[in-house]
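Peer 1: So that you have it, the file is input-v8.cif, and it contains mmCIF, C-alpha atoms and all ligand atoms:
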```cif
data_target
loop_
_atom_site.label_atom_id
_atom_site.label_comp_id
_atom_site.auth_asym_id
_atom_site.auth_seq_id
_atom_site.Cartn_x
_atom_site.Cartn_y
_atom_site.Cartn_z
CA MET G 177 -0.17 -21.78 -28.15
CA ASP G 178 1.91 -18.98 -26.66
CA SER G 179 0.87 -16.36 -29.18
CA ASN G 180 -0.93 -13.95 -26.83
CA PRO G 181 0.68 -10.56 -26.13
CA ARG G 182 2.69 -10.78 -22.94
CA VAL G 183 2.10 -8.32 -20.13
CA MET G 184 5.00 -7.93 -17.72
CA VAL G 185 4.17 -6.95 -14.14
CA VAL G 186 7.11 -5.53 -12.16
CA TYR G 187 6.92 -5.00 -8.39
CA GLY G 188 9.22 -4.93 -5.40
CA THR G 189 7.66 -3.99 -2.07
CA ARG G 190 4.93 -5.40 0.17
CA PRO G 191 2.27 -2.82 -0.74
CA GLU G 192 2.94 -3.25 -4.46
CA ALA G 193 2.74 -7.04 -4.12
CA ILE G 194 -0.64 -6.81 -2.38
CA LYS G 195 -1.99 -4.44 -5.02
CA VAL G 196 -0.70 -6.32 -8.10
CA ALA G 197 -1.68 -9.80 -6.85
CA PRO G 198 -5.33 -9.51 -8.00
CA VAL G 199 -4.14 -8.13 -11.35
CA ILE G 200 -1.73 -11.03 -11.88
CA ALA G 201 -4.55 -13.47 -11.08
CA ALA G 202 -6.88 -11.71 -13.55
CA LEU G 203 -4.18 -11.64 -16.25
CA ARG G 204 -3.65 -15.38 -15.76
CA ASP G 205 -7.37 -15.90 -16.33
CA ALA G 206 -7.52 -13.66 -19.41
CA ALA G 207 -7.90 -15.71 -22.59
CA ASN G 208 -6.15 -13.17 -24.83
CA LEU G 209 -3.18 -12.11 -22.66
CA ASP G 210 -0.23 -13.84 -21.00
CA VAL G 211 1.55 -12.59 -17.90
CA ILE G 212 5.23 -12.43 -16.92
CA THR G 213 6.01 -11.55 -13.30
CA VAL G 214 9.20 -9.80 -12.22
CA VAL G 215 10.05 -8.97 -8.61
CA THR G 216 12.88 -6.58 -7.88
CA GLY G 217 13.24 -7.63 -4.24
CA GLN G 218 13.27 -4.00 -2.98
CA HIS G 219 11.67 -5.56 0.12
CA ARG G 220 12.59 -9.18 0.77
CA GLU G 221 10.71 -11.20 3.43
CA MET G 222 7.66 -8.92 3.39
CA LEU G 223 7.42 -9.35 -0.40
CA ASP G 224 7.88 -13.12 -0.37
CA GLN G 225 5.14 -13.41 2.30
CA VAL G 226 2.60 -11.82 -0.05
CA ASN G 227 3.64 -13.86 -3.09
CA GLU G 228 3.22 -17.01 -1.05
CA LEU G 229 -0.25 -16.00 0.14
CA PHE G 230 -1.47 -15.38 -3.40
CA GLY G 231 0.35 -18.38 -4.88
CA ILE G 232 2.63 -16.32 -7.13
CA VAL G 233 6.02 -17.73 -8.11
CA PRO G 234 7.80 -14.88 -9.91
CA ASP G 235 9.27 -15.62 -13.34
CA HIS G 236 12.24 -13.32 -12.62
CA ASP G 237 13.77 -12.04 -9.40
CA LEU G 238 16.19 -9.11 -9.70
CA ASP G 239 17.22 -9.69 -6.08
CA ILE G 240 18.36 -6.10 -5.55
CA PHE G 241 17.85 -5.94 -1.77
CA GLU G 242 20.85 -4.79 0.22
CA HIS G 243 20.77 -3.44 3.78
CA GLY G 244 21.26 0.31 3.85
CA ALA G 245 21.01 0.79 0.06
CA THR G 246 20.35 4.42 -0.88
CA LEU G 247 17.40 5.39 -3.05
CA SER G 248 19.75 6.01 -5.98
CA GLN G 249 21.42 2.62 -5.58
CA THR G 250 18.01 0.96 -5.59
CA VAL G 251 16.92 2.80 -8.72
CA ALA G 252 20.24 2.10 -10.48
CA ARG G 253 20.07 -1.62 -9.72
CA VAL G 254 16.51 -1.94 -11.03
CA LEU G 255 17.43 -0.14 -14.26
CA GLU G 256 20.51 -2.27 -14.79
CA ARG G 257 18.96 -5.64 -13.98
CA LEU G 258 15.56 -5.17 -15.64
CA ASP G 259 16.91 -4.04 -19.00
CA PRO G 260 18.24 -7.45 -20.18
CA ILE G 261 14.97 -9.12 -19.07
CA LEU G 262 12.96 -6.62 -21.12
CA ALA G 263 15.22 -7.36 -24.09
CA ALA G 264 14.77 -11.12 -23.73
CA GLU G 265 11.05 -11.22 -22.94
CA GLN G 266 9.85 -8.52 -25.38
CA PRO G 267 6.64 -7.74 -23.45
CA ALA G 268 3.78 -5.90 -25.17
CA ALA G 269 3.27 -3.75 -22.05
CA VAL G 270 4.84 -3.29 -18.61
CA VAL G 271 2.63 -2.76 -15.56
CA VAL G 272 3.98 -0.85 -12.56
CA GLN G 273 2.14 0.03 -9.36
CA GLY G 274 2.12 3.20 -7.29
CA ASP G 275 5.04 5.26 -6.20
CA THR G 276 8.11 3.27 -5.16
CA SER G 277 11.68 3.37 -6.47
CA THR G 278 10.89 0.02 -8.11
CA SER G 279 7.89 1.35 -10.02
CA THR G 280 9.55 4.51 -11.29
CA ALA G 281 12.77 2.73 -12.29
CA ALA G 282 10.84 -0.07 -14.02
CA ALA G 283 8.73 2.47 -15.90
CA LEU G 284 11.88 4.22 -17.10
CA ALA G 285 13.52 0.93 -18.15
CA ALA G 286 10.40 -0.01 -20.15
CA PHE G 287 10.20 3.44 -21.71
CA HIS G 288 13.84 3.15 -22.82
CA ARG G 289 12.84 -0.03 -24.67
CA HIS G 290 9.75 1.60 -26.24
CA VAL G 291 7.44 -0.68 -24.25
CA PRO G 292 4.16 1.03 -23.23
CA VAL G 293 3.91 1.56 -19.48
CA VAL G 294 0.66 0.90 -17.61
CA HIS G 295 0.53 2.77 -14.30
CA LEU G 296 -1.68 1.25 -11.60
CA GLU G 297 -2.87 3.64 -8.88
CA ALA G 298 -2.10 6.65 -11.06
CA GLY G 299 -2.88 10.25 -10.19
CA LEU G 300 -2.45 10.33 -6.41
CA ARG G 301 -1.05 13.72 -5.37
CA SER G 302 -0.30 15.23 -1.96
CA GLY G 303 0.78 18.49 -3.59
CA ASN G 304 4.09 18.50 -1.68
CA ILE G 305 7.03 16.97 -3.51
CA HIS G 306 8.85 16.37 -0.21
CA SER G 307 5.97 14.52 1.47
CA PRO G 308 5.56 11.62 1.19
CA PHE G 309 9.21 11.29 0.23
CA PRO G 310 10.19 10.01 -2.26
CA GLU G 311 6.73 8.76 -3.28
CA GLU G 312 5.19 12.04 -4.46
CA ALA G 313 8.05 12.58 -6.92
CA ASN G 314 7.97 8.92 -7.99
CA ARG G 315 4.28 9.15 -8.90
CA LYS G 316 4.78 12.32 -10.91
CA LEU G 317 7.76 10.86 -12.75
CA THR G 318 5.86 7.68 -13.63
CA THR G 319 2.96 9.77 -14.95
CA GLN G 320 5.36 11.33 -17.45
CA LEU G 321 6.38 7.88 -18.75
CA ALA G 322 3.05 6.04 -18.78
CA ALA G 323 0.90 5.27 -21.83
CA LEU G 324 -2.11 4.15 -19.77
CA HIS G 325 -3.00 5.70 -16.41
CA LEU G 326 -5.28 3.58 -14.19
CA ALA G 327 -6.67 5.99 -11.64
CA PRO G 328 -8.24 4.44 -8.52
CA THR G 329 -10.85 7.18 -8.05
CA PRO G 330 -12.40 10.13 -9.89
CA VAL G 331 -10.27 12.43 -7.67
CA SER G 332 -7.04 10.88 -8.94
CA LYS G 333 -8.32 11.06 -12.51
CA ALA G 334 -9.03 14.78 -12.05
CA ASN G 335 -5.44 15.29 -10.82
CA LEU G 336 -4.11 13.72 -14.02
CA LEU G 337 -6.38 15.78 -16.27
CA THR G 338 -5.21 18.94 -14.47
CA GLU G 339 -1.67 17.95 -15.42
CA THR G 340 -2.84 17.70 -19.07
CA VAL G 341 -2.82 13.92 -19.33
CA ALA G 342 -5.24 13.09 -22.18
CA ALA G 343 -8.63 11.83 -20.95
CA GLN G 344 -8.60 8.86 -23.35
CA ASP G 345 -5.41 7.58 -21.67
CA VAL G 346 -7.00 7.50 -18.19
CA VAL G 347 -9.39 4.83 -16.89
CA VAL G 348 -10.87 4.91 -13.35
CA THR G 349 -10.64 1.32 -12.11
CA GLY G 350 -10.96 1.51 -8.33
CA ASN G 351 -7.98 0.47 -6.25
CA THR G 352 -6.95 -3.17 -6.55
CA VAL G 353 -6.14 -3.14 -2.80
CA ILE G 354 -9.86 -3.56 -2.15
CA ASP G 355 -9.90 -6.67 -4.40
CA ALA G 356 -7.00 -8.05 -2.32
CA LEU G 357 -8.64 -7.08 0.98
CA LEU G 358 -11.95 -8.76 0.15
CA LEU G 359 -10.09 -11.89 -0.90
CA ALA G 360 -8.01 -11.96 2.28
CA VAL G 361 -10.71 -11.15 4.87
CA GLY G 362 -12.94 -13.78 3.31
CA ARG G 363 -10.39 -16.42 4.35
CA ASP G 364 -10.46 -15.56 8.10
CA THR G 365 -6.80 -16.61 8.46
CA PRO G 366 -5.74 -18.26 11.75
CA PHE G 367 -2.97 -16.43 13.64
CA THR G 368 0.40 -18.18 13.73
CA ASP G 369 1.28 -16.40 16.99
CA PRO G 370 -0.77 -17.76 19.96
CA ALA G 371 -0.51 -14.33 21.64
CA LEU G 372 -2.65 -12.90 18.82
CA GLU G 373 -5.21 -15.69 19.07
CA ALA G 374 -5.42 -14.90 22.84
CA LEU G 375 -5.78 -11.18 22.09
CA ALA G 376 -8.62 -11.90 19.64
CA ALA G 377 -10.35 -14.15 22.19
CA SER G 378 -9.98 -11.58 25.02
CA GLY G 379 -12.58 -9.26 23.46
CA ARG G 380 -10.56 -6.26 24.69
CA ARG G 381 -10.33 -3.06 22.71
CA ILE G 382 -7.39 -3.03 20.31
CA LEU G 383 -5.42 -0.05 19.04
CA LEU G 384 -3.66 -1.26 15.89
CA VAL G 385 -0.58 0.77 14.99
CA THR G 386 1.69 0.77 11.94
CA THR G 387 4.43 3.24 11.18
CA HIS G 388 7.22 3.35 8.63
CA ARG G 389 7.11 6.59 6.58
CA ARG G 390 10.57 7.84 5.71
CA GLU G 391 9.70 11.48 6.43
CA ASN G 392 8.72 10.47 9.99
CA TRP G 393 12.07 8.81 10.72
CA GLY G 394 13.89 10.25 13.72
CA GLY G 395 12.27 12.73 16.12
CA ALA G 396 8.70 12.27 14.85
CA MET G 397 8.86 8.53 15.31
CA GLU G 398 10.31 8.93 18.82
CA GLY G 399 7.19 10.99 19.57
CA VAL G 400 4.99 8.17 18.28
CA GLY G 401 6.75 5.77 20.66
CA ARG G 402 6.25 8.13 23.61
CA ALA G 403 2.58 8.68 22.72
CA LEU G 404 1.94 4.92 22.61
CA ALA G 405 3.60 4.45 25.99
CA ARG G 406 1.39 7.16 27.52
CA LEU G 407 -1.76 5.63 26.01
CA ALA G 408 -0.80 2.18 27.30
CA ARG G 409 -0.40 3.57 30.85
CA THR G 410 -3.59 5.67 30.74
CA PHE G 411 -5.76 2.84 29.39
CA PRO G 412 -4.60 -0.40 31.04
CA ASP G 413 -7.62 -2.24 29.58
CA LEU G 414 -6.57 -1.28 26.04
CA GLU G 415 -4.37 -3.62 23.98
CA ILE G 416 -1.91 -1.86 21.72
CA LEU G 417 -0.74 -4.01 18.82
CA LEU G 418 2.23 -2.92 16.73
CA PRO G 419 3.36 -5.16 13.88
CA ALA G 420 6.79 -3.54 13.55
CA HIS G 421 8.16 -2.74 10.11
CA ARG G 422 11.43 -4.50 9.27
CA ASN G 423 13.35 -1.28 8.90
CA PRO G 424 15.81 -0.99 11.85
CA ILE G 425 15.53 2.82 11.83
CA VAL G 426 11.83 2.49 12.62
CA ARG G 427 12.41 -0.11 15.31
CA GLU G 428 15.16 1.82 17.08
CA ALA G 429 13.00 4.96 17.27
CA VAL G 430 9.76 3.40 18.55
CA LEU G 431 10.38 0.13 20.39
CA PRO G 432 12.54 1.29 23.34
CA HIS G 433 9.62 3.42 24.59
CA LEU G 434 7.38 0.34 24.78
CA ASP G 435 9.66 -1.92 26.81
CA GLY G 436 7.98 -3.64 29.75
CA LEU G 437 4.44 -2.39 29.07
CA PRO G 438 2.12 -5.37 29.66
CA ASN G 439 -0.64 -4.21 27.29
CA VAL G 440 1.61 -3.56 24.29
CA THR G 441 2.26 -6.39 21.84
CA VAL G 442 5.00 -5.89 19.28
CA THR G 443 5.16 -8.46 16.49
CA GLU G 444 7.08 -9.00 13.29
CA PRO G 445 5.25 -7.78 10.16
CA LEU G 446 2.14 -9.91 9.87
CA ALA G 447 1.31 -11.93 6.79
CA TYR G 448 -1.40 -10.10 4.85
CA GLY G 449 -4.16 -12.54 5.80
CA GLU G 450 -3.36 -12.10 9.49
CA PHE G 451 -3.03 -8.35 9.19
CA THR G 452 -6.45 -7.99 7.56
CA ARG G 453 -7.87 -10.04 10.42
CA VAL G 454 -6.35 -7.76 13.08
CA MET G 455 -7.67 -4.77 11.16
CA SER G 456 -11.15 -6.21 11.34
CA LEU G 457 -10.74 -6.82 15.11
CA ALA G 458 -9.30 -3.36 15.86
CA THR G 459 -11.23 -0.61 17.63
CA VAL G 460 -9.05 2.19 16.24
CA VAL G 461 -6.27 2.16 13.61
CA LEU G 462 -3.34 4.57 14.03
CA THR G 463 -1.07 4.56 10.99
CA ASP G 464 1.09 6.45 8.53
CA SER G 465 0.54 3.81 5.84
CA GLY G 466 -1.04 4.54 2.49
CA GLY G 467 -2.57 1.11 1.96
CA VAL G 468 -4.02 0.87 5.47
CA GLN G 469 -5.76 4.25 4.92
CA GLU G 470 -7.51 2.67 1.94
CA GLU G 471 -8.37 -0.67 3.54
CA ALA G 472 -9.57 0.20 7.05
CA PRO G 473 -12.50 2.42 5.93
CA SER G 474 -13.93 -0.56 4.03
CA LEU G 475 -13.95 -2.44 7.33
CA GLY G 476 -15.68 0.43 9.13
CA LYS G 477 -12.64 1.26 11.28
CA PRO G 478 -11.77 4.82 12.32
CA VAL G 479 -8.30 5.66 11.04
CA LEU G 480 -6.02 8.29 12.57
CA VAL G 481 -3.26 9.12 10.11
CA MET G 482 0.10 10.27 11.47
CA ARG G 483 0.85 12.59 8.57
CA GLU G 484 0.34 16.27 7.81
CA ASN G 485 -1.12 15.69 4.35
CA THR G 486 -2.56 12.88 2.30
CA GLU G 487 -2.87 11.95 -1.35
CA ARG G 488 -5.94 9.91 -0.38
CA PRO G 489 -8.54 12.59 0.52
CA GLU G 490 -11.60 10.47 -0.29
CA ALA G 491 -11.94 8.77 3.12
CA VAL G 492 -11.08 12.03 4.93
CA ASP G 493 -14.02 13.60 3.09
CA ALA G 494 -16.19 10.60 4.02
CA GLY G 495 -15.28 11.18 7.70
CA THR G 496 -13.64 7.81 8.48
CA VAL G 497 -10.03 9.01 8.23
CA ARG G 498 -8.57 11.97 10.15
CA LEU G 499 -5.13 13.50 9.61
CA ILE G 500 -3.50 14.11 12.98
CA GLY G 501 0.20 14.58 12.20
CA THR G 502 2.97 13.18 14.40
CA ASP G 503 2.83 15.51 17.38
CA GLU G 504 2.88 13.41 20.58
CA GLU G 505 0.16 15.45 22.34
CA ARG G 506 -2.14 15.33 19.32
CA ILE G 507 -1.75 11.56 18.95
CA VAL G 508 -2.62 11.03 22.62
CA ALA G 509 -5.57 13.44 22.46
CA SER G 510 -6.99 12.00 19.23
CA VAL G 511 -6.85 8.37 20.37
CA THR G 512 -8.20 9.34 23.81
CA GLU G 513 -11.18 11.08 22.23
CA LEU G 514 -12.12 7.99 20.21
CA LEU G 515 -11.74 5.71 23.25
CA THR G 516 -13.77 7.90 25.61
CA ASP G 517 -16.40 9.67 23.48
CA PRO G 518 -18.91 7.23 21.94
CA ASP G 519 -20.38 9.93 19.66
CA ALA G 520 -16.98 10.85 18.26
CA TYR G 521 -16.30 7.14 17.72
CA ALA G 522 -19.65 6.45 16.04
CA ALA G 523 -19.15 9.43 13.72
CA MET G 524 -15.96 7.87 12.33
CA ALA G 525 -16.79 4.15 12.47
CA ARG G 526 -18.86 3.94 9.33
CA ALA G 527 -17.94 1.55 6.53
CA THR G 528 -17.26 3.43 3.31
CA ASN G 529 -15.77 2.21 0.07
CA PRO G 530 -14.45 5.24 -1.76
CA TYR G 531 -11.41 3.31 -3.00
CA GLY G 532 -12.96 0.36 -4.76
CA ASP G 533 -15.63 -2.29 -5.10
CA GLY G 534 -13.49 -5.42 -5.55
CA HIS G 535 -13.61 -5.31 -9.37
CA ALA G 536 -10.56 -3.13 -10.03
CA ALA G 537 -8.42 -5.99 -11.35
CA ALA G 538 -11.04 -6.94 -13.96
CA ARG G 539 -11.24 -3.30 -15.13
CA THR G 540 -7.43 -3.15 -15.18
CA VAL G 541 -7.16 -6.17 -17.45
CA GLY G 542 -9.95 -4.75 -19.65
CA ALA G 543 -8.10 -1.45 -19.97
CA ILE G 544 -4.82 -3.22 -20.85
CA ALA G 545 -6.59 -5.33 -23.49
CA CYS G 546 -8.08 -2.12 -24.91
CA LEU G 547 -4.61 -0.49 -24.99
CA LEU G 548 -3.32 -3.47 -26.96
CA GLY G 549 -6.24 -3.35 -29.42
CA LEU G 550 -7.91 -6.46 -28.02
CA GLY G 551 -11.11 -5.10 -26.53
CA GLU G 552 -13.42 -2.26 -25.65
CA ARG G 553 -12.69 0.35 -23.00
CA PRO G 554 -14.14 -0.92 -19.69
CA GLN G 555 -16.83 0.91 -17.76
CA GLU G 556 -15.20 3.02 -15.06
CA PHE G 557 -15.42 2.58 -11.29
CA GLY G 558 -17.91 5.05 -9.86
CA ALA G 559 -19.82 5.27 -13.14
CA VAL G 560 -23.54 4.59 -12.80
CA SER G 561 -24.29 1.26 -14.44
CA ARG G 562 -27.42 1.06 -16.59
N1 LIG G 601 0.37 -4.93 5.94
C1 LIG G 601 0.62 -6.29 6.15
N2 LIG G 601 1.23 -6.67 7.32
C2 LIG G 601 1.60 -5.78 8.28
C3 LIG G 601 1.36 -4.40 8.05
C4 LIG G 601 0.75 -4.01 6.87
O1 LIG G 601 0.30 -7.13 5.30
O2 LIG G 601 2.14 -6.20 9.31
C5 LIG G 601 -0.26 -4.51 4.68
C6 LIG G 601 -1.44 -3.58 4.78
O3 LIG G 601 -2.66 -4.29 4.90
C7 LIG G 601 -1.38 -2.78 3.48
C8 LIG G 601 0.09 -2.77 3.16
O4 LIG G 601 0.70 -3.78 3.94
O5 LIG G 601 -2.06 -3.44 2.41
C9 LIG G 601 0.66 -1.43 3.47
O6 LIG G 601 2.02 -1.47 3.43
P1 LIG G 601 2.92 -0.28 4.00
O7 LIG G 601 2.20 0.40 5.10
O8 LIG G 601 4.24 -0.89 4.26
O9 LIG G 601 3.10 0.66 2.73
P2 LIG G 601 2.27 1.89 2.14
O10 LIG G 601 0.89 1.42 1.85
O11 LIG G 601 2.33 2.99 3.15
O12 LIG G 601 3.02 2.24 0.90
#
```
Re-express the file's structure as structure tokens.
Ligand code: UDP

Peer 2:
Amino acid sequence: MDSNPRVMVVYGTRPEAIKVAPVIAALRDAANLDVITVVTGQHREMLDQVNELFGIVPDHDLDIFEHGATLSQTVARVLERLDPILAAEQPAAVVVQGDTSTSTAAALAAFHRHVPVVHLEAGLRSGNIHSPFPEEANRKLTTQLAALHLAPTPVSKANLLTETVAAQDVVVTGNTVIDALLLAVGRDTPFTDPALEALAASGRRILLVTTHRRENWGGAMEGVGRALARLARTFPDLEILLPAHRNPIVREAVLPHLDGLPNVTVTEPLAYGEFTRVMSLATVVLTDSGGVQEEAPSLGKPVLVMRENTERPEAVDAGTVRLIGTDEERIVASVTELLTDPDAYAAMARATNPYGDGHAAARTVGAIACLLGLGERPQEFGAVSR
């Protein structure tokens, strides 16, 4: 029975888990492929939360998480612990997602074993190797190792072709995050925290905030905390909701500024179903997250991005995402404009779907089958269907 080629999916952080979940489900459904799931545990609780939501029980857990581990320690542990699993399982291909230490280390481990690497969300480029750090370098390194590059958009495909990746090795699939988002918002998950249910029922305007980027740690994040405090005082009828990242460096920089403010709610990271629900309730989203930049435009939410550059220009071009950096004054001014100028708000609050149509996982599985000689090349996302 078990004669199908086995595709190993390796992932380790919350955003990777969200983006590979639809692919794992589609691989399970594929008649001619089997799937093996490996988590590295680069994140712990935030990763387990997503696996639970999508009903995934990993076949292997490298359990590498350690508080305060350096990037090199993380990479070294993945290499060391994945290698014997690759030797034992003999997968026909290894799928990695995005730009984390997990994905680059797993790609290298597979390459060392001559296993073809499939790179999901390939071809994103900010053009600055130091920002986002270390993600921009991770993506470029994984590109060098991959046999199949699954670009989410035509823009990311063009980046790969510029770097002389062969066109036949690139397929534009759309981003699987939109598959996950559509699945999750369709469920209309109840909130576990009664404070959030009350917030939803209040009908008040919500500013949803997430922040975690490594290059914003320290002074920039202190500025974010100060900006939020000023906004909370200026707009007492506004509810600011901050699901705080687990990283203590992030918490220590931002949370002290928000102490005692009645219209600021700080929560633990929300389970994905709950987070997608707060995104759909939000008036404005203020974030430095990559995934949130991709999801919120599909829900018609204006997104202010606390970064100087982005590897996701599509929604900026569509007008629903604006890069505002991390300067305290600019954050306050940009949020204030959206809260007080209905025309400025309306201009940004348009639903656009530049990142996917919900069928990226099916195209991904089609492209993997094609790589393994089991099917035709799928039609690309963004291509006009006849
Ligand atoms: N997310 C979540 N709960 C939260 C905050 C974010 O499930 O409390 C989801 C969000 O919808 C997105 C992903 O986590 O899909 C983004 O993760 P993060 O911002 O940590 O990483 P990035 O996308 O910047 O790599």

Peer 1: Can you tell me which residues surround G:Ala313 at a distance of at most 10 Å, considering only C-alpha atoms, apart from same-chain residues fewer than 3 positions away, and format the answer as a list of chain:residue names?

Peer 2: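 The residues that qualify are G:Asp275, G:Thr276, G:Ser277, G:Thr280, G:Arg301, G:Gly303, G:Asn304, G:Ile305, G:His306, G:Ser307, G:Pro308, G:Phe309, G:Pro310, G:Lys316, G:Leu317, G:Thr318, G:Thr319.
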
Peer 1: Can I get the selected residues back with C-alpha atoms, as a PDB file, in the frame of the given file?

Peer 2:
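As a result, part_30.pdb now contains:
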```pdb
ATOM      1  CA  ASP G 275       5.040   5.260  -6.200  1.00  0.00           C
ATOM      2  CA  THR G 276       8.110   3.270  -5.160  1.00  0.00           C
ATOM      3  CA  SER G 277      11.680   3.370  -6.470  1.00  0.00           C
ATOM      4  CA  THR G 280       9.550   4.510 -11.290  1.00  0.00           C
ATOM      5  CA  ARG G 301      -1.050  13.720  -5.370  1.00  0.00           C
ATOM      6  CA  GLY G 303       0.780  18.490  -3.590  1.00  0.00           C
ATOM      7  CA  ASN G 304       4.090  18.500  -1.680  1.00  0.00           C
ATOM      8  CA  ILE G 305       7.030  16.970  -3.510  1.00  0.00           C
ATOM      9  CA  HIS G 306       8.850  16.370  -0.210  1.00  0.00           C
ATOM     10  CA  SER G 307       5.970  14.520   1.470  1.00  0.00           C
ATOM     11  CA  PRO G 308       5.560  11.620   1.190  1.00  0.00           C
ATOM     12  CA  PHE G 309       9.210  11.290   0.230  1.00  0.00           C
ATOM     13  CA  PRO G 310      10.190  10.010  -2.260  1.00  0.00           C
ATOM     14  CA  LYS G 316       4.780  12.320 -10.910  1.00  0.00           C
ATOM     15  CA  LEU G 317       7.760  10.860 -12.750  1.00  0.00           C
ATOM     16  CA  THR G 318       5.860   7.680 -13.630  1.00  0.00           C
ATOM     17  CA  THR G 319       2.960   9.770 -14.950  1.00  0.00           C
TER      18      THR G 319
END
```

Peer 1: Write out as a list in words each polymer residue (protein, DNA or RNA) that has an atom no more than 6 Å from ligand LIG 601 (chain G), with only C-alpha atoms and all ligand atoms counted.

Peer 2: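 The distance check yields Arg190, Pro191, Pro419, Pro445, Leu446, Ala447, Tyr448, Phe451, Thr452, Ser465, Gly466, Gly467 and Val468 of chain G.
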
Peer 1: Tell me which of G:Ile232, G:Val293, G:Val199, G:Val215 sits closest to G:Leu548, counting all atoms listed in the file.

Peer 2: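 With all atoms listed in the file as the atom set, the closest residue is G:Val293.
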
Peer 1: Please return as a list in words every residue within 12 Å of (-3.4, 0.6, -27.5), taking into account all atoms listed in the file and the file's own coordinates.

Peer 2: Pro181, Ala268, Ala269, Val291, Pro292, Val293, Val294, Ala323, Leu324, Gln344, Asp345, Gly542, Ala543, Ile544, Ala545, Cys546, Leu547, Leu548, Gly549, Leu550, Gly551, Glu552 and Arg553 of chain G

Peer 1: Pick the closest to G:Ile507 from G:His243, G:Arg406, G:Arg257, G:Lys195: which is it, counting only C-alpha atoms?

Peer 2: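 The closest residue to G:Ile507 is G:Arg406.
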
Peer 1: Quick check, in Å to one decimal: how far apart do atom CA of G:Tyr187 and atom CA of G:Glu391 lie?

Peer 2: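 Distance between the two atoms: 22.3 Å.
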
Peer 1: Which residue out of G:Val508, G:Ala342, G:Leu284, G:Leu499 has the minimum interatomic distance to G:Glu484 when only C-alpha atoms are used?

Peer 2: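 Answer, going by the shortest atom-to-atom distance: G:Leu499.
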
Peer 1: If you measure from atom CA of G:Arg390 to atom CA of G:Val272, what distance in Å do you get, rounded to one decimal?

Peer 2: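 Answer for the atom CA of G:Arg390 to atom CA of G:Val272 separation: 21.3 Å.
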
Peer 1: Which one is closest to G:Val400: G:His433, G:Arg380, G:Lys333, G:His421? Count all atoms listed in the file.

Peer 2: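 Counting all atoms listed in the file, the residue closest to G:Val400 is G:His433.
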
Peer 1: Which residue gives the smallest distance to G:Pro478 among G:Val361, G:Leu514, G:Ala286, G:Ala403, with all atoms listed in the file counted?

Peer 2: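 Smallest separation from G:Pro478 among the options: G:Leu514.
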
Peer 1: Nearest residue to G:Gly379 out of G:Ala281, G:Val481, G:Leu414, G:Ala525, using only C-alpha atoms?

Peer 2: G:Leu414

Peer 1: Please compute the atom CA of G:Ala207-atom CA of G:Met184 distance, one decimal, in Å.

Peer 2: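 The value is 15.8 Å.
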
Peer 1: Residues of stretch 442-506 of chain G within 8 Å of stretch 363-375 of chain G: nearest atom pair and distance (Å, one decimal) for each, counting all atoms listed in the file, sorted by chain and number, as JSON lines?

Peer 2:
```
{"residue": "G:Gly449", "atom": "CA", "partner": "G:Thr365", "partner_atom": "CA", "distance": 5.5}
{"residue": "G:Glu450", "atom": "CA", "partner": "G:Thr365", "partner_atom": "CA", "distance": 5.8}
{"residue": "G:Arg453", "atom": "CA", "partner": "G:Asp364", "partner_atom": "CA", "distance": 6.5}
```

Peer 1: Extract, using only C-alpha atoms, all DNA, RNA and protein residues at most 6 Å from stretch 348-351 of chain G, discarding same-chain residues fewer than 5 positions from it, and format them as number ranges by chain.

Peer 2: G: 326-329, 531-532, 536, 539, 556-557

Peer 1: Env of stretch 244-250 of chain G: 8 Å cut, atoms = only C-alpha atoms, seq-sep filter 4 positions within chain, self excluded. Answer as JSON, numbers by chain.

Peer 2: {"G": [218, 240, 254, 277, 278]}

Peer 1: Give me the residues within 8 Å of G:Arg422 as a list of chain:residue names, counting only C-alpha atoms and dropping any in the same chain fewer than 2 places off.

Peer 2: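 Contacts, with the query itself left out: G:Ala420, G:Pro424, G:Val426, G:Arg427, G:Glu444, G:Pro445.
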
Peer 1: Adding 5 Å on each side of the box along x, y and z that holds all listed atoms of stretch 418-424 of chain G, could you give its centre and edge lengths in Å to one decimal, as AutoDock Vina command-line options?

Peer 2:
```
--center_x 9.0 --center_y -3.1 --center_z 12.8 --size_x 23.6 --size_y 14.2 --size_z 17.8
```

Peer 1: What would stretch 484-489 of chain G look like with N, CA and C atoms in place, written as a PDB file, in the frame of the given file?

Peer 2:
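See part-v5.pdb below for the written result:
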```
ATOM      1  N   GLU G 484       0.883  14.908   7.910  1.00  0.00           N
ATOM      2  CA  GLU G 484       0.340  16.270   7.810  1.00  0.00           C
ATOM      3  C   GLU G 484      -0.548  16.429   6.589  1.00  0.00           C
ATOM      4  N   ASN G 485      -0.326  15.576   5.574  1.00  0.00           N
ATOM      5  CA  ASN G 485      -1.120  15.690   4.350  1.00  0.00           C
ATOM      6  C   ASN G 485      -1.429  14.286   3.861  1.00  0.00           C
ATOM      7  N   THR G 486      -2.317  14.198   2.873  1.00  0.00           N
ATOM      8  CA  THR G 486      -2.560  12.880   2.300  1.00  0.00           C
ATOM      9  C   THR G 486      -2.887  13.024   0.826  1.00  0.00           C
ATOM     10  N   GLU G 487      -2.505  12.007   0.063  1.00  0.00           N
ATOM     11  CA  GLU G 487      -2.870  11.950  -1.350  1.00  0.00           C
ATOM     12  C   GLU G 487      -4.127  11.102  -1.504  1.00  0.00           C
ATOM     13  N   ARG G 488      -4.729  10.741  -0.374  1.00  0.00           N
ATOM     14  CA  ARG G 488      -5.940   9.910  -0.380  1.00  0.00           C
ATOM     15  C   ARG G 488      -7.042  10.650   0.371  1.00  0.00           C
ATOM     16  N   PRO G 489      -7.574  11.742  -0.220  1.00  0.00           N
ATOM     17  CA  PRO G 489      -8.540  12.590   0.520  1.00  0.00           C
ATOM     18  C   PRO G 489      -9.937  11.989   0.604  1.00  0.00           C
TER      19      PRO G 489
END
```
